[in-house]
Amino acid sequence: MNSSPTSILLCPPIDIKKDTNTGGVVFDSSLLREQTKIPREFIWPLSERPSTPKEFNAPVVDLQGFFQGDEASTMRAAELIRTICMTHGFFQVTNHRVDASLAQDAFDCMDEFFRLPLSCKLRAKRKPGSMWGYAGAHSDRFSSKLPWKETLSFGYHEAGPEHTFVDYFTSILGKDFERMGLVYQRYCKAMKDLSLAIMEILAISLGVERSFYREFFKDNSSIMRCNYYPPCQEPELALGTGPHCDPTSLTVLQQDQVGGLEVFADGEWQSVRPIRDALAINIGDTFMDTLRATCWRTMHLHMHETVRMFQGSKLPCTTASPAGCSGRDVRQRASVVHHLPQLKLIVYCAAATLP
């Protein structure tokens with residue numbers, strides 16, 4: 001079997017096949033890899049393509065003192081996060097207690113899944129209205145400006161059945177994928193614990209009871225998504241993910257070391273350099289809406305100015321693109337584009353739905 005992951009991407013129009021279940025199209029990548037041009041459905045308008053971005057100086061918050069109960073360190077972290085949220089709401093965290101071996105297991109499981117033949121991946125195809133399953137280029141939802149990626153998504157609720165993930169993977173892919181279910185169950189639990197810790201620091205930074213947001217969000221349902229961005233023949237024409245804002249409360253992003261994540265801050269797109277063993281955090285729209293709905297009722301009068309500053313902050317849109325993940329190498333080494341590392345992101349969207 002070819003060791004390179006296959007992709008649900010566009011072939012020439014004569015090879016397009018209709019999906020009788022959804023009315024969308026399913027694309028085979030076997031011919032795409034042999035072509036020099038990408039299909040027009042993946043080409044984004046020039047005005048929407050990020051140019052070569054400068055590097056974003058993402059603040060780094062060390063959580064070691066918080067987890068060790070050091071109040072001085074905790075207050076420093078809270079003050080830093082408060083400053084971040086009044087500007088762009090995007091930062092990276094270190095010493096977050098998400099085990100590096102668990103993160104590597106999650107990436108290894110991604111590789112295992114996306115290496116599967118297309119016919120096997122389609123057994124996990126996401127059904128309309130469901131957050132669970134596989135999708136290629138979102139071709140079931142859109143017909144132009146398609147993202148150059150494959151995704152595997154699933155929901156997480158800590159109070160749900162203990163073996164939900166294992167049952168899901170074994171039921172659609174077979175018993176050999178039991179370990180994959182166990183890994184992602186553990187990974188989501190670790191992400192949930194980290195998200196609640198950050199919610200606690202956010203409460204401290206706002207001057208409210210430190211357990212307020214931890215308690216408010218602890219029973220939420222979250223979404224985890226594995227994003228795989230294959231190498232691209234013409235990365236300057238395509239995007240891995242289009243510009244968007246995160247609608248959830250908190251997004252935790254695990255980047256590989258290839259890079260490719262970009263944020264729109266200070267009026268321009270900027271690339272986020274991966275920091276080994278760090279996790280990227282973006283404050284989402286749901287948290288901001290919750291802040292508006294709750295803080296006026298819970299804060300004392302002298303805290304109102306802080307709330308106004310948080311409400312007026314400019315949160316970044318995020319995107320991941322082939323040009324961002326390998327643009328420098330692709331432009332310099334176009335003849336070996338298919339041998340470059342592929343970008344992978346694991347995205348955990350905390351509190352995708354409120355309790």
# chains A, B, ... in the order shown; residues from 1 in each chain; ligands from 1

call {"tool": "residues_around", "arguments": {"residues": "Asn95 of chain A", "least_positions_apart": "6", "cutoff": "10 Å", "atoms": "only C-alpha atoms", "output": "list in words"}}
result
Val61, Asp62, Leu63, Gln64, Gly65, Phe66, Phe67, Asp277, Ala278 and Leu279 of chain A

call {"tool": "write_last_selection", "arguments": {"atoms": "N, CA and C atoms", "output": "short mmCIF file (atom, residue, chain, number, x, y, z; two decimals), in the first residue's frame"}}
result
data_model
loop_
_atom_site.label_atom_id
_atom_site.label_comp_id
_atom_site.auth_asym_id
_atom_site.auth_seq_id
_atom_site.Cartn_x
_atom_site.Cartn_y
_atom_site.Cartn_z
N VAL A 61 2.18 31.68 27.62
CA VAL A 61 1.79 31.65 29.02
C VAL A 61 2.25 30.33 29.64
N ASP A 62 3.07 30.41 30.65
CA ASP A 62 3.57 29.23 31.36
C ASP A 62 2.58 28.88 32.47
N LEU A 63 2.01 27.67 32.40
CA LEU A 63 0.99 27.27 33.37
C LEU A 63 1.55 26.46 34.54
N GLN A 64 2.85 26.31 34.61
CA GLN A 64 3.42 25.46 35.67
C GLN A 64 3.06 25.97 37.06
N GLY A 65 3.23 27.27 37.29
CA GLY A 65 2.92 27.82 38.60
C GLY A 65 1.47 27.66 38.98
N PHE A 66 0.57 27.82 38.00
CA PHE A 66 -0.86 27.64 38.27
C PHE A 66 -1.14 26.23 38.75
N PHE A 67 -0.62 25.23 38.04
CA PHE A 67 -0.89 23.84 38.41
C PHE A 67 -0.22 23.45 39.73
N ASP A 277 5.88 21.22 21.97
CA ASP A 277 5.16 20.86 23.19
C ASP A 277 4.23 21.97 23.71
N ALA A 278 4.09 23.06 22.96
CA ALA A 278 3.14 24.10 23.35
C ALA A 278 1.81 23.88 22.63
N LEU A 279 0.76 24.45 23.17
CA LEU A 279 -0.57 24.41 22.56
C LEU A 279 -1.04 25.83 22.31
#

call {"tool": "select_by_dssp", "arguments": {"residues": "segment 81-318 of chain A", "states": "strand (DSSP E)", "output": "JSON, numbers by chain"}}
result
{"A": [90, 91, 92, 93, 94, 133, 134, 135, 136, 150, 151, 152, 153, 154, 155, 156, 221, 222, 223, 224, 225, 226, 227, 228, 229, 250, 251, 252, 253, 254, 255, 261, 262, 263, 264, 265, 268, 269, 270, 271, 279, 280, 281, 282, 283, 318]}

call {"tool": "atom_distance", "arguments": {"atom1": "atom CA of Val347 of chain A", "atom2": "atom CA of Ala280 of chain A"}}
result
9.6 Å

call {"tool": "select_by_dssp", "arguments": {"residues": "segment 25-79 of chain A", "states": "helix (DSSP H, G or I)", "output": "list in words"}}
result
Leu32, Arg33, Glu34, Arg40, Glu41, Phe42, Leu46, Ser47, Glu48, Gln64, Gly65, Phe66, Phe67, Glu71, Ala72, Ser73, Thr74, Met75, Arg76, Ala77, Ala78 and Glu79 of chain A

call {"tool": "closest_residue", "arguments": {"among": "A:Ala124, A:Gly89, A:Leu118, A:Ser211", "to": "Asp246 of chain A", "atoms": "only C-alpha atoms"}}
result
A:Gly89
